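Raw contents of upload29.txt, compact mmCIF, C-alpha atoms and all ligand atoms:
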```txt
# COMPACT_ATOMS: atom_id res chain seq x y z
CA MET A 228 -139.45 4.72 -71.74
CA VAL A 229 -140.59 1.37 -70.36
CA ALA A 230 -139.96 -1.45 -72.82
CA ARG A 231 -143.08 -2.71 -74.53
CA ILE A 232 -144.42 -5.97 -73.10
CA VAL A 233 -146.30 -8.29 -75.45
CA ASP A 234 -148.50 -10.06 -72.94
CA LEU A 235 -149.98 -13.21 -74.45
CA ARG A 236 -150.61 -15.03 -71.16
CA SER A 237 -154.38 -14.56 -71.27
CA ASP A 238 -157.10 -12.15 -72.32
CA THR A 239 -157.58 -11.48 -68.60
CA VAL A 240 -154.39 -9.38 -68.58
CA THR A 241 -155.90 -6.42 -70.45
CA LYS A 242 -155.54 -3.12 -68.60
CA PRO A 243 -158.39 -0.60 -68.36
CA THR A 244 -158.15 2.01 -71.12
CA GLU A 245 -158.24 5.78 -70.61
CA THR A 246 -161.94 5.89 -71.53
CA MET A 247 -162.66 3.15 -69.01
CA ARG A 248 -160.76 4.93 -66.25
CA THR A 249 -162.61 8.16 -67.02
CA ALA A 250 -165.96 6.36 -67.00
CA MET A 251 -165.03 4.74 -63.69
CA ALA A 252 -164.02 8.07 -62.17
CA PHE A 253 -167.33 9.70 -63.06
CA ALA A 254 -169.65 6.69 -62.63
CA GLU A 255 -172.93 7.35 -60.88
CA VAL A 256 -173.02 4.99 -57.90
CA ASP A 257 -175.10 3.88 -54.94
CA ASP A 258 -175.32 0.84 -52.68
CA ASP A 259 -175.90 -2.23 -54.87
CA VAL A 260 -176.50 -4.64 -51.97
CA LEU A 261 -179.45 -2.45 -51.08
CA GLY A 262 -180.34 -2.52 -54.78
CA PHE A 263 -179.78 1.09 -55.76
CA ASP A 264 -176.68 1.36 -57.94
CA PRO A 265 -177.83 3.03 -61.20
CA THR A 266 -174.77 2.04 -63.25
CA ALA A 267 -175.15 -1.61 -62.22
CA PHE A 268 -178.79 -1.37 -63.36
CA ARG A 269 -177.69 0.01 -66.72
CA LEU A 270 -175.14 -2.77 -67.29
CA GLU A 271 -177.55 -5.49 -66.17
CA ALA A 272 -180.41 -4.17 -68.32
CA GLU A 273 -178.14 -3.89 -71.35
CA MET A 274 -176.79 -7.44 -70.92
CA ALA A 275 -180.27 -8.93 -70.37
CA LYS A 276 -181.50 -7.26 -73.56
CA LYS A 277 -178.45 -8.25 -75.61
CA PHE A 278 -178.84 -11.89 -74.54
CA GLY A 279 -182.61 -11.98 -75.06
CA LYS A 280 -183.46 -12.81 -71.43
CA GLU A 281 -185.43 -11.07 -68.68
CA ALA A 282 -182.73 -10.12 -66.21
CA ALA A 283 -179.03 -10.04 -65.36
CA LEU A 284 -176.76 -9.75 -62.33
CA PHE A 285 -173.20 -8.44 -61.95
CA VAL A 286 -170.91 -10.79 -59.99
CA PRO A 287 -167.25 -10.47 -59.00
CA SER A 288 -165.88 -13.36 -61.12
CA GLY A 289 -166.70 -16.04 -63.66
CA THR A 290 -166.00 -18.73 -61.10
CA MET A 291 -168.58 -17.24 -58.74
CA SER A 292 -171.10 -16.79 -61.53
CA ASN A 293 -170.84 -20.45 -62.59
CA LEU A 294 -171.07 -21.57 -58.95
CA ILE A 295 -174.15 -19.42 -58.35
CA CYS A 296 -175.84 -20.73 -61.51
CA VAL A 297 -175.17 -24.38 -60.68
CA LEU A 298 -176.36 -23.86 -57.10
CA ALA A 299 -179.49 -22.00 -58.19
CA HIS A 300 -180.46 -24.78 -60.61
CA CYS A 301 -179.52 -27.60 -58.20
CA ASP A 302 -181.09 -26.39 -54.98
CA VAL A 303 -181.38 -29.83 -53.39
CA ARG A 304 -178.18 -31.37 -52.02
CA GLY A 305 -177.22 -34.48 -53.96
CA SER A 306 -178.45 -33.07 -57.26
CA GLU A 307 -176.34 -33.95 -60.26
CA VAL A 308 -174.96 -31.82 -63.08
CA ILE A 309 -173.80 -33.18 -66.44
CA LEU A 310 -170.67 -31.46 -67.71
CA GLY A 311 -167.62 -32.02 -69.92
CA ASP A 312 -164.46 -33.69 -68.59
CA ASN A 313 -162.40 -30.84 -70.03
CA CYS A 314 -164.59 -27.93 -68.97
CA HIS A 315 -163.69 -24.99 -66.74
CA ILE A 316 -166.28 -25.71 -64.05
CA TYR A 317 -165.01 -29.27 -63.61
CA ILE A 318 -161.28 -28.53 -63.80
CA TYR A 319 -160.51 -24.99 -62.69
CA GLU A 320 -163.14 -23.97 -60.13
CA ASN A 321 -161.81 -25.77 -57.05
CA GLY A 322 -164.63 -28.32 -57.16
CA GLY A 323 -166.81 -25.61 -55.61
CA ILE A 324 -170.04 -27.09 -56.93
CA ALA A 325 -169.33 -30.18 -54.80
CA THR A 326 -167.59 -28.71 -51.75
CA ILE A 327 -169.81 -25.66 -51.38
CA GLY A 328 -172.98 -26.71 -53.16
CA GLY A 329 -173.23 -30.44 -52.48
CA VAL A 330 -173.76 -30.93 -56.23
CA HIS A 331 -172.43 -34.15 -57.78
CA PRO A 332 -170.63 -33.85 -61.14
CA ARG A 333 -171.53 -36.39 -63.82
CA VAL A 334 -168.72 -36.14 -66.34
CA VAL A 335 -169.09 -36.73 -70.08
CA LYS A 336 -166.15 -36.76 -72.48
CA ASN A 337 -165.47 -33.52 -74.32
CA ASN A 338 -164.62 -33.89 -78.00
CA ASN A 339 -161.72 -31.91 -79.51
CA ASP A 340 -164.16 -29.25 -80.68
CA GLY A 341 -165.55 -28.65 -77.18
CA THR A 342 -168.84 -30.49 -77.77
CA MET A 343 -170.07 -33.60 -75.96
CA ASP A 344 -171.86 -36.25 -78.02
CA ILE A 345 -175.60 -35.76 -77.63
CA ASP A 346 -176.20 -39.48 -77.12
CA LEU A 347 -173.58 -39.57 -74.35
CA ILE A 348 -175.27 -36.62 -72.65
CA GLU A 349 -178.63 -38.34 -72.85
CA ALA A 350 -177.16 -41.63 -71.60
CA ALA A 351 -175.70 -39.81 -68.57
CA ILE A 352 -179.11 -38.62 -67.37
CA ARG A 353 -180.18 -40.67 -64.35
CA ASP A 354 -183.30 -42.75 -64.47
CA PRO A 355 -185.69 -41.05 -62.01
CA LYS A 356 -187.03 -44.49 -61.10
CA GLY A 357 -183.66 -45.31 -59.53
CA GLU A 358 -183.95 -42.64 -56.89
CA LEU A 359 -183.16 -45.03 -54.08
CA PHE A 360 -179.65 -45.32 -55.58
CA TYR A 361 -179.03 -42.44 -57.94
CA PRO A 362 -178.44 -38.76 -57.53
CA SER A 363 -181.08 -36.71 -59.31
CA THR A 364 -180.00 -35.10 -62.60
CA LYS A 365 -180.97 -31.43 -62.65
CA LEU A 366 -178.69 -29.60 -65.05
CA ILE A 367 -176.50 -29.76 -68.18
CA CYS A 368 -173.59 -27.34 -68.61
CA LEU A 369 -171.96 -26.30 -71.89
CA GLU A 370 -168.97 -24.00 -72.41
CA ASN A 371 -168.83 -21.56 -75.35
CA THR A 372 -166.14 -20.88 -76.47
CA HIS A 373 -164.58 -24.01 -75.06
CA ALA A 374 -161.31 -22.86 -73.51
CA ASN A 375 -159.42 -26.12 -73.07
CA SER A 376 -160.06 -27.16 -76.64
CA GLY A 377 -158.42 -23.93 -77.79
CA GLY A 378 -161.35 -21.52 -77.89
CA ARG A 379 -163.58 -23.58 -80.20
CA CYS A 380 -167.14 -22.37 -80.85
CA LEU A 381 -170.34 -24.28 -80.19
CA SER A 382 -172.94 -23.58 -82.86
CA ALA A 383 -176.47 -22.40 -82.13
CA GLU A 384 -177.78 -25.63 -83.68
CA TYR A 385 -175.68 -27.85 -81.40
CA THR A 386 -176.76 -25.83 -78.35
CA ASP A 387 -180.40 -26.12 -79.43
CA ARG A 388 -180.07 -29.91 -79.67
CA VAL A 389 -178.66 -30.09 -76.13
CA GLY A 390 -181.47 -27.79 -75.03
CA GLU A 391 -184.03 -30.20 -76.53
CA VAL A 392 -182.52 -33.11 -74.59
CA ALA A 393 -182.63 -31.03 -71.40
CA LYS A 394 -186.25 -30.08 -71.98
CA LYS A 395 -187.30 -33.63 -72.80
CA HIS A 396 -185.97 -34.79 -69.42
CA GLY A 397 -187.08 -31.79 -67.37
CA LEU A 398 -183.51 -30.49 -66.91
CA LYS A 399 -182.06 -26.99 -67.10
CA LEU A 400 -179.27 -25.84 -69.43
CA HIS A 401 -176.48 -23.52 -68.27
CA ILE A 402 -173.90 -22.02 -70.63
CA ASP A 403 -170.51 -20.99 -69.30
CA GLY A 404 -170.14 -18.20 -71.82
CA ALA A 405 -166.95 -16.70 -70.39
CA ARG A 406 -165.96 -15.97 -74.03
CA ILE A 407 -169.39 -16.12 -75.70
CA PHE A 408 -168.73 -12.82 -77.50
CA ASN A 409 -165.73 -14.45 -79.19
CA ALA A 410 -168.00 -17.27 -80.36
CA SER A 411 -170.60 -14.79 -81.58
CA VAL A 412 -168.08 -12.80 -83.61
CA ALA A 413 -166.36 -15.90 -85.04
CA LEU A 414 -169.63 -17.57 -86.04
CA GLY A 415 -171.33 -14.36 -87.15
CA VAL A 416 -174.30 -15.26 -84.94
CA PRO A 417 -175.71 -12.83 -82.33
CA VAL A 418 -175.26 -13.84 -78.68
CA ASP A 419 -179.00 -14.02 -78.02
CA ARG A 420 -179.31 -16.68 -80.71
CA LEU A 421 -176.36 -18.67 -79.32
CA VAL A 422 -177.97 -18.84 -75.86
CA GLN A 423 -181.61 -19.15 -76.94
CA ALA A 424 -181.91 -22.67 -75.51
CA ALA A 425 -180.18 -21.81 -72.21
CA ASP A 426 -181.85 -21.15 -68.88
CA SER A 427 -178.79 -19.29 -67.62
CA VAL A 428 -175.59 -17.84 -69.03
CA SER A 429 -172.42 -16.66 -67.36
CA VAL A 430 -170.35 -14.09 -69.27
CA CYS A 431 -166.89 -12.75 -68.35
CA LEU A 432 -166.35 -8.99 -68.63
CA SER A 433 -162.68 -9.23 -67.66
CA LYS A 434 -161.55 -11.23 -70.69
CA GLY A 435 -161.95 -10.07 -74.29
CA ILE A 436 -164.28 -7.27 -73.20
CA GLY A 437 -161.31 -5.81 -71.36
CA ALA A 438 -162.97 -4.69 -68.10
CA PRO A 439 -160.80 -4.96 -64.97
CA VAL A 440 -163.31 -6.97 -62.91
CA GLY A 441 -166.51 -8.89 -63.21
CA SER A 442 -168.90 -11.31 -64.81
CA VAL A 443 -172.61 -11.22 -65.49
CA ILE A 444 -175.26 -13.88 -64.99
CA ILE A 445 -178.22 -13.73 -67.36
CA GLY A 446 -181.55 -15.55 -67.03
CA SER A 447 -185.22 -15.19 -66.09
CA GLU A 448 -186.44 -12.72 -63.42
CA ASN A 449 -187.03 -15.63 -61.05
CA PHE A 450 -183.65 -17.14 -61.64
CA ILE A 451 -181.83 -13.84 -61.13
CA ALA A 452 -183.74 -13.26 -57.87
CA LYS A 453 -182.38 -16.62 -56.62
CA ALA A 454 -178.92 -15.77 -57.93
CA ARG A 455 -178.97 -12.45 -56.04
CA VAL A 456 -179.55 -14.26 -52.74
CA LEU A 457 -176.77 -16.76 -53.47
CA ARG A 458 -174.39 -13.96 -54.47
CA LYS A 459 -174.96 -12.37 -51.07
CA ALA A 460 -174.49 -15.69 -49.25
CA LEU A 461 -171.18 -16.32 -51.02
CA GLY A 462 -169.88 -12.89 -50.08
CA GLY A 463 -170.25 -11.44 -53.55
CA GLY A 464 -172.63 -8.64 -52.63
CA MET A 465 -170.67 -5.41 -53.08
CA ARG A 466 -171.60 -1.79 -52.52
CA GLN A 467 -170.70 0.95 -55.06
CA ILE A 468 -170.13 -1.47 -57.95
CA GLY A 469 -171.11 1.20 -60.48
CA ILE A 470 -167.38 1.96 -60.68
CA LEU A 471 -166.77 -1.56 -62.03
CA CYS A 472 -169.93 -1.67 -64.14
CA ALA A 473 -168.99 1.63 -65.82
CA ALA A 474 -165.74 0.04 -67.05
CA ALA A 475 -167.65 -3.00 -68.28
CA LEU A 476 -170.09 -0.81 -70.24
CA VAL A 477 -167.20 0.90 -71.99
CA GLY A 478 -165.69 -2.53 -72.74
CA LEU A 479 -168.97 -3.76 -74.22
CA HIS A 480 -169.36 -0.67 -76.38
CA GLU A 481 -165.74 -0.38 -77.52
CA ASN A 482 -164.15 -3.81 -77.47
CA VAL A 483 -166.65 -6.36 -78.80
CA GLY A 484 -165.99 -4.87 -82.22
CA LYS A 485 -162.26 -5.52 -81.79
CA LEU A 486 -162.61 -9.26 -81.23
CA GLU A 487 -162.61 -9.85 -84.98
CA SER A 488 -159.10 -8.42 -85.20
CA ASP A 489 -157.98 -10.54 -82.19
CA HIS A 490 -159.14 -13.59 -84.14
CA LYS A 491 -157.34 -12.40 -87.26
CA ASN A 492 -154.14 -11.89 -85.25
CA ALA A 493 -154.54 -15.39 -83.80
CA ARG A 494 -154.86 -16.90 -87.26
CA THR A 495 -151.83 -15.00 -88.57
CA LEU A 496 -149.78 -16.12 -85.58
CA ALA A 497 -151.00 -19.71 -85.84
CA ASP A 498 -150.23 -19.86 -89.57
CA GLY A 499 -146.71 -18.54 -88.95
CA LEU A 500 -146.08 -20.84 -85.99
CA SER A 501 -147.29 -23.88 -87.90
CA GLU A 502 -144.39 -23.39 -90.33
CA ILE A 503 -141.69 -23.37 -87.66
CA ARG A 504 -139.80 -26.64 -87.39
CA GLY A 505 -140.09 -28.11 -83.91
CA LEU A 506 -143.51 -26.64 -83.18
CA LYS A 507 -146.85 -28.32 -83.72
CA VAL A 508 -149.76 -25.96 -84.30
CA ASP A 509 -153.04 -26.96 -85.89
CA ALA A 510 -153.88 -23.62 -87.50
CA SER A 511 -157.18 -24.96 -88.85
CA SER A 512 -158.50 -25.45 -85.29
CA VAL A 513 -157.88 -21.81 -84.36
CA GLU A 514 -161.39 -20.36 -84.45
CA THR A 515 -161.09 -17.47 -82.00
CA ASN A 516 -158.31 -15.90 -79.91
CA MET A 517 -156.40 -18.91 -78.52
CA ILE A 518 -153.55 -21.02 -79.80
CA PHE A 519 -152.04 -24.15 -78.30
CA ILE A 520 -148.45 -24.71 -79.34
CA GLY A 521 -147.11 -28.25 -79.07
CA ILE A 522 -143.34 -28.59 -78.71
CA GLU A 523 -142.00 -31.42 -80.84
CA GLY A 524 -138.35 -30.45 -81.29
CA SER A 525 -136.25 -32.78 -79.15
CA TRP A 526 -133.63 -30.03 -78.79
CA THR A 527 -135.88 -27.78 -76.73
CA THR A 528 -138.74 -27.64 -74.20
CA ALA A 529 -141.79 -25.49 -73.56
CA GLU A 530 -140.03 -23.92 -70.56
CA LYS A 531 -136.90 -23.03 -72.57
CA ILE A 532 -138.96 -21.34 -75.25
CA ARG A 533 -141.11 -19.53 -72.68
CA LYS A 534 -137.97 -18.21 -70.95
CA TYR A 535 -136.34 -17.17 -74.24
CA LEU A 536 -139.44 -15.18 -75.17
CA GLU A 537 -139.78 -13.69 -71.71
CA GLU A 538 -136.26 -12.27 -72.01
CA ARG A 539 -137.54 -10.50 -75.14
CA ASN A 540 -140.62 -9.11 -73.36
CA ILE A 541 -143.05 -11.67 -74.73
CA LEU A 542 -145.07 -13.33 -71.99
CA LEU A 543 -146.97 -16.57 -72.42
CA MET A 544 -148.10 -19.52 -70.33
CA LYS A 545 -146.87 -23.06 -70.25
CA ASP A 546 -149.82 -25.42 -70.48
CA SER A 547 -147.73 -28.55 -69.80
CA SER A 548 -144.09 -29.58 -70.21
CA SER A 549 -144.65 -29.89 -73.95
CA ARG A 550 -147.32 -27.27 -74.68
CA LEU A 551 -147.54 -23.48 -74.63
CA ARG A 552 -150.69 -21.38 -74.75
CA VAL A 553 -151.12 -18.02 -76.42
CA VAL A 554 -154.18 -15.79 -76.05
CA LEU A 555 -154.82 -12.70 -78.18
CA HIS A 556 -156.67 -9.60 -76.95
CA HIS A 557 -157.30 -6.00 -77.94
CA GLN A 558 -154.03 -4.75 -76.49
CA ILE A 559 -151.99 -6.91 -78.87
CA SER A 560 -151.38 -5.33 -82.28
CA ALA A 561 -150.57 -6.87 -85.65
CA SER A 562 -146.97 -5.68 -85.25
CA ASP A 563 -146.76 -7.35 -81.81
CA VAL A 564 -147.78 -10.55 -83.57
CA GLN A 565 -144.99 -10.15 -86.15
CA TYR A 566 -142.49 -9.46 -83.37
CA ALA A 567 -143.65 -12.55 -81.43
CA LEU A 568 -143.45 -14.67 -84.54
CA SER A 569 -139.87 -13.61 -85.29
CA CYS A 570 -138.84 -14.31 -81.68
CA PHE A 571 -140.41 -17.79 -81.89
CA GLN A 572 -138.40 -18.39 -85.08
CA GLN A 573 -135.18 -17.34 -83.32
CA ALA A 574 -136.03 -19.38 -80.22
CA LEU A 575 -136.29 -22.56 -82.21
CA GLN A 576 -133.34 -21.81 -84.48
CA CYS A 577 -130.93 -20.98 -81.70
CA GLU A 578 -131.82 -24.15 -79.85
CA ASN A 579 -131.40 -26.05 -83.07
CA GLY A 580 -127.92 -24.60 -83.56
CA ASN A 581 -128.55 -23.36 -87.10
C1 LIG B 1 -162.04 -17.56 -67.13
C2 LIG B 1 -163.11 -18.57 -67.22
C3 LIG B 1 -164.02 -18.74 -66.17
C4 LIG B 1 -163.88 -18.09 -64.81
O1 LIG B 1 -163.63 -16.78 -64.77
P1 LIG B 1 -162.86 -16.07 -63.56
O2 LIG B 1 -163.36 -14.70 -63.67
O3 LIG B 1 -161.41 -16.24 -63.85
O4 LIG B 1 -163.26 -16.72 -62.29
C5 LIG B 1 -165.05 -19.64 -66.37
N1 LIG B 1 -165.15 -20.34 -67.49
C6 LIG B 1 -164.28 -20.23 -68.51
C7 LIG B 1 -164.46 -21.04 -69.74
C8 LIG B 1 -163.22 -19.33 -68.40
O5 LIG B 1 -162.35 -19.23 -69.41
```
Can the structure in the file be given as structure tokens, please?
Amino acid sequence: MVARIVDLRSDTVTKPTETMRTAMAFAEVDDDVLGFDPTAFRLEAEMAKKFGKEAALFVPSGTMSNLICVLAHCDVRGSEVILGDNCHIYIYENGGIATIGGVHPRVVKNNNDGTMDIDLIEAAIRDPKGELFYPSTKLICLENTHANSGGRCLSAEYTDRVGEVAKKHGLKLHIDGARIFNASVALGVPVDRLVQAADSVSVCLSKGIGAPVGSVIIGSENFIAKARVLRKALGGGMRQIGILCAAALVGLHENVGKLESDHKNARTLADGLSEIRGLKVDASSVETNMIFIGIEGSWTTAEKIRKYLEERNILLMKDSSSRLRVVLHHQISASDVQYALSCFQQALQCENGN
């Protein structure tokens, strides 16, 4: 038998389940570029309804869905988007909004909880009277959950307040909701309420939902029509995507309900880790499925601990030379968590020589 791997690198590492593979094998398909794939229609209709908007569009990745949304909202070169200095679009998406879209990022500081101060957002909006000098602000982007702050949730009320600022200045609001279902489950607030103030939302299917591929953009009919053209232009138009959408539908039906237990596992792990000498874990900031583990013990390093755990079939990512990142998902059980915890204890003890 192959040794069990406890893969805590990301929630993107989930493998398609038997039910998903069966659904994929039997999915009804047709050419989606021509606009005829029935399973894509089913997924898109279900997502639009769940999020309380008119329409939705399947796209290959979260990076492409964010890029399409920013481009669709900022359709004049030299437009400006307000976003957080610690957000995914700004840090991890190759600067595509600038290099591909000609959109200028206006960066506002992210707080530790993933928010940006409302007054800082408002202050970052360009005065339209300065158009001889300034780019033209078109869009505000939020991220929920906020990955780089450790999967923190933005409340519906906070999002509404940002939406009011956007409206007051004639701007659009986009939510990078790669893990919006995690926020919904953790807050006990339905996703449609969380994105009520947004003009567009991007949701990852290949994270906690557990599908092998894909993201979905959700918005108005008009917006999705624009997004469909941009998807084609960026090379994201694909043919029999029903095979992928079938897996995503199974993920939506079977795995959203499991996120609660991912969060519980994360809390258990964070509580345990916070008691290990040499580690620094703020268990109270663990709201969803992510944990950042600071390494304080002078006798060890993040890389040494990562390696020690890897030799025991526990995989995780190094965030920096002094920080590790752990992400829970539906293929990690409570007993995996106990195993990981005991290996962490050993890793720090053995380095400590006691
Ligand atoms: C993963 C992620 C994305 C991008 O998704 P990919 O499918 O990896 O391109 C966007 N935003 C956030 C917050 C993410 O965590």
Quick one: everything within 12 Å of region 319-336 of chain A, counting only C-alpha atoms, minus sequence neighbours fewer than 5 positions away in the same chain. Send it as an MDAnalysis selection string. chainID A and resid 288:314 341:353 361:369 374:375 457 460:461
Near region 500-507 of chain A, within 12 Å and counting all atoms listed in the file, which residues show up once chain neighbours fewer than 3 positions away are dropped, as an MDAnalysis selection string? chainID A and resid 493:497 510:513 518:529 532 549:553 564:565 567:579 581
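Of the residues under consideration (A:Asn492, A:Asn339, A:Ser548, A:Asn516), A:Asn516 shows the shortest atom-to-atom contact distance to ligand LIG 1 (chain B) when counting only C-alpha atoms and all ligand atoms.
Of note, CA of Asp258 (chain A) and CA of Gly469 (chain A) are spaced 8.9 Å apart.
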Within 7 Å of Val233 (chain A) using all atoms listed in the file, minus same-chain residues under 2 positions, as a list of chain:residue names: A:Arg231, A:Leu235, A:Asn540, A:Ile541, A:Leu542, A:Ile559, A:Asp563
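When only C-alpha atoms are used to compute distances to Leu398 (chain A), the closest of the residues A:Val483, A:Ile444, A:Ser488, A:Ala425 turns out to be A:Ala425.
One finds CA of Arg388 (chain A) at 16.0 Å from CA of Asp340 (chain A).
Remark: for Asp234 (chain A), the closest of the candidate residues A:His396, A:Glu537, A:Ser562, A:Phe263 is A:Glu537 (distances computed over all atoms listed in the file).
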So which residues touch region 268-283 of chain A within 10 Å, counting all atoms listed in the file, skipping near sequence neighbours fewer than 5 positions away, as number ranges by chain? A: 259, 262-263, 417-423, 425-430, 443-452, 454-455, 469, 471-477, 479
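Distance check against Glu384 (chain A) using only C-alpha atoms: of A:Ile407, A:Lys485, A:Arg248, A:Leu414, the minimum falls on A:Leu414.
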